[in-house]
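See below for start.cif, which holds mmCIF, C-alpha atoms.
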```
data_run
loop_
_atom_site.label_atom_id
_atom_site.label_comp_id
_atom_site.auth_asym_id
_atom_site.auth_seq_id
_atom_site.Cartn_x
_atom_site.Cartn_y
_atom_site.Cartn_z
CA MET A 1 -33.67 -52.35 76.46
CA ASN A 2 -32.14 -53.93 73.35
CA THR A 3 -34.96 -55.91 71.73
CA ASP A 4 -32.59 -58.24 69.86
CA ASN A 5 -30.70 -59.12 73.05
CA SER A 6 -33.97 -59.75 74.89
CA ALA A 7 -35.15 -62.07 72.12
CA ASP A 8 -31.85 -63.96 72.19
CA LEU A 9 -32.09 -64.34 75.96
CA ASN A 10 -35.65 -65.62 75.67
CA LEU A 11 -34.57 -68.22 73.10
CA ASP A 12 -31.67 -69.33 75.31
CA THR A 13 -34.00 -69.64 78.30
CA GLU A 14 -36.57 -71.60 76.34
CA ALA A 15 -33.92 -73.94 74.94
CA LYS A 16 -32.67 -74.69 78.44
CA ARG A 17 -36.21 -75.21 79.76
CA LEU A 18 -37.18 -77.59 76.96
CA THR A 19 -34.04 -79.64 77.42
CA GLU A 20 -34.65 -79.97 81.16
CA GLU A 21 -38.31 -80.86 80.68
CA ALA A 22 -37.46 -83.49 78.07
CA SER A 23 -35.29 -85.32 80.62
CA SER A 24 -38.34 -86.15 82.73
CA SER A 25 -39.12 -89.86 82.86
CA THR A 26 -42.87 -89.11 83.18
CA LEU A 27 -43.26 -87.84 79.61
CA THR A 28 -45.11 -89.92 77.08
CA ASP A 29 -43.44 -90.59 73.74
CA GLU A 30 -45.70 -88.00 72.10
CA GLN A 31 -44.93 -85.34 74.74
CA TYR A 32 -41.21 -85.97 74.29
CA ARG A 33 -41.52 -85.70 70.51
CA GLN A 34 -43.40 -82.38 70.78
CA LYS A 35 -40.82 -80.90 73.12
CA MET A 36 -37.95 -81.98 70.89
CA GLN A 37 -39.77 -80.62 67.85
CA ARG A 38 -40.08 -77.24 69.57
CA ARG A 39 -36.47 -77.52 70.77
CA LYS A 40 -35.33 -77.90 67.17
CA GLN A 41 -37.36 -74.86 66.12
CA VAL A 42 -35.72 -72.80 68.87
CA GLN A 43 -32.26 -74.01 67.86
CA ASP A 44 -32.90 -73.18 64.21
CA GLN A 45 -33.93 -69.66 65.24
CA ARG A 46 -30.78 -69.22 67.33
CA ILE A 47 -28.56 -70.37 64.46
CA ALA A 48 -30.37 -68.15 61.94
CA LYS A 49 -29.66 -65.09 64.13
CA ALA A 50 -25.99 -65.95 64.66
CA ILE A 51 -23.10 -64.02 63.09
CA PRO A 52 -21.79 -66.20 60.22
CA ASP A 53 -18.06 -65.50 60.57
CA LYS A 54 -15.84 -63.88 63.18
CA GLY A 55 -12.21 -64.33 64.13
CA LEU A 56 -12.12 -65.36 67.78
CA ILE A 57 -9.75 -64.70 70.66
CA ILE A 58 -9.81 -67.86 72.75
CA VAL A 59 -8.40 -68.35 76.26
CA HIS A 60 -7.82 -71.69 77.98
CA THR A 61 -6.90 -71.18 81.64
CA GLY A 62 -7.40 -72.68 85.10
CA ASN A 63 -5.48 -75.11 87.31
CA GLY A 64 -6.82 -78.24 85.63
CA LYS A 65 -5.11 -80.32 82.96
CA GLY A 66 -6.15 -80.07 79.32
CA LYS A 67 -5.57 -76.45 78.27
CA THR A 68 -2.95 -77.17 75.63
CA THR A 69 -4.58 -80.48 74.69
CA ALA A 70 -7.88 -78.75 73.86
CA ALA A 71 -6.05 -76.09 71.85
CA LEU A 72 -4.20 -78.74 69.85
CA GLY A 73 -7.56 -80.29 69.01
CA MET A 74 -8.56 -76.97 67.41
CA ILE A 75 -5.25 -76.95 65.53
CA LEU A 76 -6.06 -80.41 64.16
CA ARG A 77 -9.53 -79.29 63.09
CA SER A 78 -8.07 -76.29 61.27
CA LEU A 79 -5.57 -78.52 59.48
CA GLY A 80 -8.47 -80.73 58.42
CA HIS A 81 -10.10 -77.68 56.82
CA GLY A 82 -6.91 -76.99 54.89
CA TYR A 83 -6.03 -73.83 56.88
CA LYS A 84 -2.53 -72.63 57.63
CA VAL A 85 -1.81 -72.55 61.37
CA ALA A 86 1.07 -71.65 63.68
CA ILE A 87 2.05 -72.84 67.16
CA VAL A 88 4.42 -70.89 69.40
CA GLN A 89 5.21 -72.54 72.74
CA PHE A 90 6.47 -70.25 75.50
CA ILE A 91 7.62 -72.82 78.09
CA LYS A 92 8.32 -75.99 76.16
CA GLY A 93 11.54 -76.13 74.23
CA ALA A 94 14.05 -77.71 76.58
CA TRP A 95 12.56 -81.03 75.47
CA GLU A 96 11.10 -82.15 72.14
CA PRO A 97 7.30 -82.10 72.51
CA SER A 98 5.71 -85.20 70.99
CA GLU A 99 2.97 -83.12 69.36
CA LYS A 100 5.67 -81.45 67.25
CA LYS A 101 6.52 -84.84 65.75
CA VAL A 102 2.88 -85.51 64.88
CA PHE A 103 2.26 -82.10 63.35
CA SER A 104 5.35 -82.48 61.15
CA LEU A 105 3.01 -84.47 58.89
CA TRP A 106 1.59 -81.11 57.73
CA PRO A 107 4.75 -79.21 56.70
CA ASP A 108 2.91 -77.07 54.15
CA GLN A 109 0.17 -75.94 56.54
CA LEU A 110 1.78 -75.68 59.96
CA GLU A 111 4.62 -73.68 61.52
CA PHE A 112 5.75 -74.97 64.94
CA HIS A 113 8.12 -73.14 67.29
CA ALA A 114 8.95 -74.47 70.78
CA MET A 115 10.85 -71.42 72.05
CA GLY A 116 11.07 -71.81 75.81
CA GLU A 117 13.73 -73.58 77.84
CA GLY A 118 11.61 -75.22 80.51
CA PHE A 119 9.98 -74.27 83.78
CA THR A 120 11.39 -71.45 85.91
CA TRP A 121 12.67 -73.85 88.56
CA GLU A 122 14.66 -75.63 85.85
CA THR A 123 16.11 -72.60 84.03
CA GLN A 124 16.88 -70.59 87.20
CA ASP A 125 17.74 -67.59 85.02
CA ARG A 126 15.09 -64.85 85.04
CA ASP A 127 16.83 -62.62 82.50
CA ARG A 128 17.15 -65.44 79.97
CA ASP A 129 13.55 -66.54 80.60
CA LEU A 130 12.42 -62.97 79.93
CA GLU A 131 14.50 -62.83 76.75
CA LYS A 132 13.04 -66.12 75.52
CA ALA A 133 9.46 -65.00 76.29
CA GLN A 134 9.95 -61.75 74.40
CA ALA A 135 11.39 -63.62 71.41
CA ALA A 136 8.44 -66.05 71.44
CA TRP A 137 5.97 -63.16 71.57
CA GLN A 138 7.61 -61.42 68.61
CA LYS A 139 7.43 -64.67 66.64
CA GLY A 140 3.78 -65.11 67.60
CA LEU A 141 3.04 -61.52 66.62
CA GLU A 142 4.39 -62.20 63.13
CA TYR A 143 1.83 -64.94 62.67
CA ILE A 144 -1.00 -62.96 64.30
CA ARG A 145 -0.50 -60.16 61.78
CA ASN A 146 -0.19 -62.55 58.83
CA PRO A 147 -3.60 -63.05 57.15
CA GLU A 148 -2.45 -66.39 55.70
CA PHE A 149 -2.52 -68.03 59.14
CA LYS A 150 -6.11 -68.78 60.09
CA LEU A 151 -5.24 -69.95 63.62
CA VAL A 152 -2.34 -69.07 65.91
CA LEU A 153 -1.74 -70.90 69.21
CA LEU A 154 0.29 -69.06 71.86
CA ASP A 155 0.86 -71.98 74.22
CA GLU A 156 1.53 -71.15 77.90
CA ILE A 157 1.69 -67.41 77.17
CA ASN A 158 -0.54 -66.76 80.19
CA ILE A 159 2.23 -68.09 82.44
CA ALA A 160 4.73 -65.73 80.82
CA ILE A 161 2.35 -62.84 81.55
CA LYS A 162 1.78 -64.00 85.12
CA LEU A 163 5.54 -64.17 85.75
CA GLY A 164 5.98 -60.64 84.46
CA TYR A 165 7.94 -61.61 81.33
CA LEU A 166 5.26 -60.02 79.14
CA ARG A 167 2.83 -57.17 79.81
CA VAL A 168 -0.84 -57.85 79.18
CA GLU A 169 -1.12 -54.40 77.57
CA GLU A 170 1.32 -55.33 74.81
CA ILE A 171 -0.49 -58.63 74.25
CA LEU A 172 -3.83 -56.84 73.83
CA LEU A 173 -2.26 -54.37 71.39
CA GLY A 174 -0.90 -57.30 69.40
CA LEU A 175 -4.24 -59.10 69.34
CA ALA A 176 -5.86 -55.93 67.99
CA GLN A 177 -3.68 -56.31 64.89
CA LYS A 178 -5.02 -59.70 63.84
CA PRO A 179 -7.15 -59.97 60.67
CA ASP A 180 -10.88 -59.94 61.39
CA ASP A 181 -11.47 -63.54 60.30
CA ASN A 182 -8.47 -65.16 62.01
CA HIS A 183 -8.34 -66.85 65.41
CA VAL A 184 -5.82 -66.78 68.27
CA ILE A 185 -5.68 -69.19 71.23
CA LEU A 186 -3.85 -68.24 74.43
CA THR A 187 -3.29 -71.00 76.98
CA GLY A 188 -1.91 -71.28 80.50
CA ARG A 189 -3.11 -70.91 84.07
CA GLY A 190 -3.55 -67.49 85.62
CA ALA A 191 -4.90 -65.63 82.59
CA PRO A 192 -5.18 -61.93 83.54
CA LEU A 193 -8.62 -60.37 83.88
CA ASP A 194 -8.02 -57.85 81.07
CA LEU A 195 -7.32 -60.69 78.65
CA ILE A 196 -10.37 -62.65 79.81
CA GLU A 197 -12.56 -59.59 79.28
CA ARG A 198 -11.17 -59.10 75.76
CA ALA A 199 -11.58 -62.75 74.73
CA ASP A 200 -14.57 -64.14 72.84
CA LEU A 201 -14.32 -67.66 74.27
CA VAL A 202 -12.89 -68.49 77.70
CA THR A 203 -12.66 -71.97 79.19
CA GLU A 204 -11.41 -72.60 82.72
CA MET A 205 -10.09 -76.09 83.39
CA THR A 206 -10.90 -77.10 86.98
CA LEU A 207 -8.62 -79.48 88.85
CA VAL A 208 -10.61 -82.22 90.60
CA LYS A 209 -8.05 -85.04 90.82
CA HIS A 210 -4.51 -85.37 89.46
CA PRO A 211 -2.37 -88.54 89.56
CA PHE A 212 0.85 -86.69 90.50
CA ARG A 213 -0.72 -84.69 93.31
CA ASP A 214 -2.98 -87.44 94.64
CA GLN A 215 -0.96 -90.60 93.94
CA GLY A 216 2.59 -89.48 93.22
CA VAL A 217 2.42 -90.78 89.64
CA LYS A 218 4.92 -89.25 87.20
CA ALA A 219 3.84 -87.62 83.94
CA GLN A 220 2.81 -90.30 81.44
CA PRO A 221 3.81 -90.44 77.73
CA GLY A 222 0.82 -89.70 75.52
CA ILE A 223 -1.04 -88.04 78.40
CA GLU A 224 1.16 -85.22 79.67
CA PHE A 225 3.78 -85.17 76.91
#
```

Take the structure in this file and express it as structure tokens.
Amino acid sequence: MNTDNSADLNLDTEAKRLTEEASSSTLTDEQYRQKMQRRKQVQDQRIAKAIPDKGLIIVHTGNGKGKTTAALGMILRSLGHGYKVAIVQFIKGAWEPSEKKVFSLWPDQLEFHAMGEGFTWETQDRDRDLEKAQAAWQKGLEYIRNPEFKLVLLDEINIAIKLGYLRVEEILLGLAQKPDDNHVILTGRGAPLDLIERADLVTEMTLVKHPFRDQGVKAQPGIEF
């Protein structure tokens, strides 16, 4: 058994236990303070053992809303740190995404390419959709390989893979070419298992309620676009 992994697991288990115990309403103020004091010690140990820097492959998938929105939050954080970032959108492009207008405030740090032509039921042209997806991937690959770009967002690429416009094997080969310290985010429902296994961080957005499905409410400015 790997001793380091066992120690990490023990720390994770203890952190969870302390947090749960601290939520009890029967604790005295002193008991709560002691548990939180130990909780801080455990957290400090976990942080001390952590790898300081690593370029991450991040996947946002699932049927729920918020995959692109969460990724754009990471883009904003990176801009705040002064990093250069790139966004390549695989579906959007038939309309002008509002986020593109906002991010134009950082012309020296951000490259933005909306290279799709809309949803498949709008384009109704599989060959052209395939051509557009391939062009978007080649553009994204340029940024992935470029060490100057700390973060690259491939928005809705998972859908392009799911539809068969891109092969997951070529995506994984491309991701293997990124600099060690740089990050890539891949969004869209239906992320393939091979990509999920390769990723360092995977978040699945779960649909609970949606205004269009449940109430027939159209997409709202500032929320969906």

Proximity to Leu207 in chain A - best of A:Lys67, A:Met36, A:Lys132, A:Ala48, all atoms listed in the file: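 Of the candidates, the smallest distance to Leu207 in chain A is held by A:Lys67.
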
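Distances to Gly222 in chain A were evaluated for A:Glu99, A:Glu148, A:Asp181, A:Glu30 using all atoms listed in the file, and the minimum falls at A:Glu99.
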
List the spatial neighbours of Val152 in chain A as a compact mmCIF listing (two decimals) with C-alpha atoms, in the coordinates of the input - criterion: any atom at most 6 Å away, only C-alpha atoms, same-chain residues fewer than 6 positions off excluded.
```
# COMPACT_ATOMS: atom_id res chain seq x y z
CA VAL A 85 -1.81 -72.55 61.37
CA ALA A 86 1.07 -71.65 63.68
CA ILE A 87 2.05 -72.84 67.16
CA VAL A 184 -5.82 -66.78 68.27
```

Minimum-distance residue to His60 in chain A, chosen among A:Leu11, A:Ala199, A:Val217, A:Ala160 (using all atoms listed in the file):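 For His60 in chain A, the nearest of the candidates is A:Ala199.
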
Nearest residue to Leu151 in chain A from the set A:Gly82, A:Pro192, A:Gly164, A:Pro107 (distances using only C-alpha atoms):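 Ranking A:Gly82, A:Pro192, A:Gly164, A:Pro107 by distance to Leu151 in chain A, first place goes to A:Gly82.
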
Spatial neighbours of His113 in chain A, 7 Å, all atoms listed in the file, chain gap at least 2 places, as a list in words: Ile87, Val88, Gln89, Glu111 and Met115 of chain A

Top pick for closest residue to Thr13 in chain A, considering A:Gln37, A:Thr68, A:Gln134, A:Gln43 and counting all atoms listed in the file: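 Of all the options, A:Gln43 lies closest to Thr13 in chain A.
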
Picked residues, the PyMOL selection byres ((chain A and resi 185-190) around 10), expected as a ChimeraX atom specification: /A:56-72,74-75,87,89-91,151-163,183-184,191-193,195,199,201-205

Convert the current residue selection to file output with C-alpha atoms, as a short mmCIF file (atom, residue, chain, number, x, y, z; two decimals), keeping the file's coordinate frame.
```cif
data_model
loop_
_atom_site.label_atom_id
_atom_site.label_comp_id
_atom_site.auth_asym_id
_atom_site.auth_seq_id
_atom_site.Cartn_x
_atom_site.Cartn_y
_atom_site.Cartn_z
CA LEU A 56 -12.12 -65.36 67.78
CA ILE A 57 -9.75 -64.70 70.66
CA ILE A 58 -9.81 -67.86 72.75
CA VAL A 59 -8.40 -68.35 76.26
CA HIS A 60 -7.82 -71.69 77.98
CA THR A 61 -6.90 -71.18 81.64
CA GLY A 62 -7.40 -72.68 85.10
CA ASN A 63 -5.48 -75.11 87.31
CA GLY A 64 -6.82 -78.24 85.63
CA LYS A 65 -5.11 -80.32 82.96
CA GLY A 66 -6.15 -80.07 79.32
CA LYS A 67 -5.57 -76.45 78.27
CA THR A 68 -2.95 -77.17 75.63
CA THR A 69 -4.58 -80.48 74.69
CA ALA A 70 -7.88 -78.75 73.86
CA ALA A 71 -6.05 -76.09 71.85
CA LEU A 72 -4.20 -78.74 69.85
CA MET A 74 -8.56 -76.97 67.41
CA ILE A 75 -5.25 -76.95 65.53
CA ILE A 87 2.05 -72.84 67.16
CA GLN A 89 5.21 -72.54 72.74
CA PHE A 90 6.47 -70.25 75.50
CA ILE A 91 7.62 -72.82 78.09
CA LEU A 151 -5.24 -69.95 63.62
CA VAL A 152 -2.34 -69.07 65.91
CA LEU A 153 -1.74 -70.90 69.21
CA LEU A 154 0.29 -69.06 71.86
CA ASP A 155 0.86 -71.98 74.22
CA GLU A 156 1.53 -71.15 77.90
CA ILE A 157 1.69 -67.41 77.17
CA ASN A 158 -0.54 -66.76 80.19
CA ILE A 159 2.23 -68.09 82.44
CA ALA A 160 4.73 -65.73 80.82
CA ILE A 161 2.35 -62.84 81.55
CA LYS A 162 1.78 -64.00 85.12
CA LEU A 163 5.54 -64.17 85.75
CA HIS A 183 -8.34 -66.85 65.41
CA VAL A 184 -5.82 -66.78 68.27
CA ALA A 191 -4.90 -65.63 82.59
CA PRO A 192 -5.18 -61.93 83.54
CA LEU A 193 -8.62 -60.37 83.88
CA LEU A 195 -7.32 -60.69 78.65
CA ALA A 199 -11.58 -62.75 74.73
CA LEU A 201 -14.32 -67.66 74.27
CA VAL A 202 -12.89 -68.49 77.70
CA THR A 203 -12.66 -71.97 79.19
CA GLU A 204 -11.41 -72.60 82.72
CA MET A 205 -10.09 -76.09 83.39
#
```

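With CA of Glu224 in chain A on one side and CA of Ser98 in chain A on the other, the separation reads 9.8 Å.
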
Residue IDs satisfying the PyMOL selection byres ((chain A and resi 18) around 12), as an MDAnalysis selection string: chainID A and resid 11:17 19:24 31:43

Picked residues, the PyMOL selection byres ((chain A and resi 109) around 7), expected as a VMD selection string: chain A and resid 79 83 to 85 106 to 108 110

Atomic distance CA of Gln45 in chain A - CA of His81 in chain A, expressed in Å with one decimal: 26.5 Å

Which polymer residues, whether protein, DNA or RNA, lie within 12 Å of the coordinate (-6.7, -59.9, 55.1) when you count all atoms listed in the file? List them as a tab-separated table (two decimals) with C-alpha atoms, keeping the file's coordinate frame, using the chain letters and numbers from the file.
```tsv
chain	number	residue	atom	x	y	z
A	55	GLY	CA	-12.21	-64.33	64.13
A	144	ILE	CA	-1.00	-62.96	64.30
A	145	ARG	CA	-0.50	-60.16	61.78
A	146	ASN	CA	-0.19	-62.55	58.83
A	147	PRO	CA	-3.60	-63.05	57.15
A	148	GLU	CA	-2.45	-66.39	55.70
A	149	PHE	CA	-2.52	-68.03	59.14
A	150	LYS	CA	-6.11	-68.78	60.09
A	177	GLN	CA	-3.68	-56.31	64.89
A	178	LYS	CA	-5.02	-59.70	63.84
A	179	PRO	CA	-7.15	-59.97	60.67
A	180	ASP	CA	-10.88	-59.94	61.39
A	181	ASP	CA	-11.47	-63.54	60.30
A	182	ASN	CA	-8.47	-65.16	62.01
```

Mind working out the centre and edge lengths of an axis-aligned box for range 153-171 of chain A, all listed atoms inside, 5 Å added to each side, rounded to one decimal in Å and written as JSON?
```
{"center_x": 3.1, "center_y": -63.2, "center_z": 77.5, "size_x": 19.7, "size_y": 27.6, "size_z": 26.5}
```

Coordinates-based distance that separates CA of Leu166 in chain A from CA of Lys101 in chain A (Å, one decimal):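 Taking CA of Lys101 in chain A as the start and CA of Leu166 in chain A as the end point, the length is 28.2 Å.
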
From A:Thr28, A:Glu197, A:Arg77, A:Asp8, residue lying nearest Ala50 in chain A [all atoms listed in the file]: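 When distances to Ala50 in chain A are compared using all atoms listed in the file, the smallest one comes from A:Asp8.
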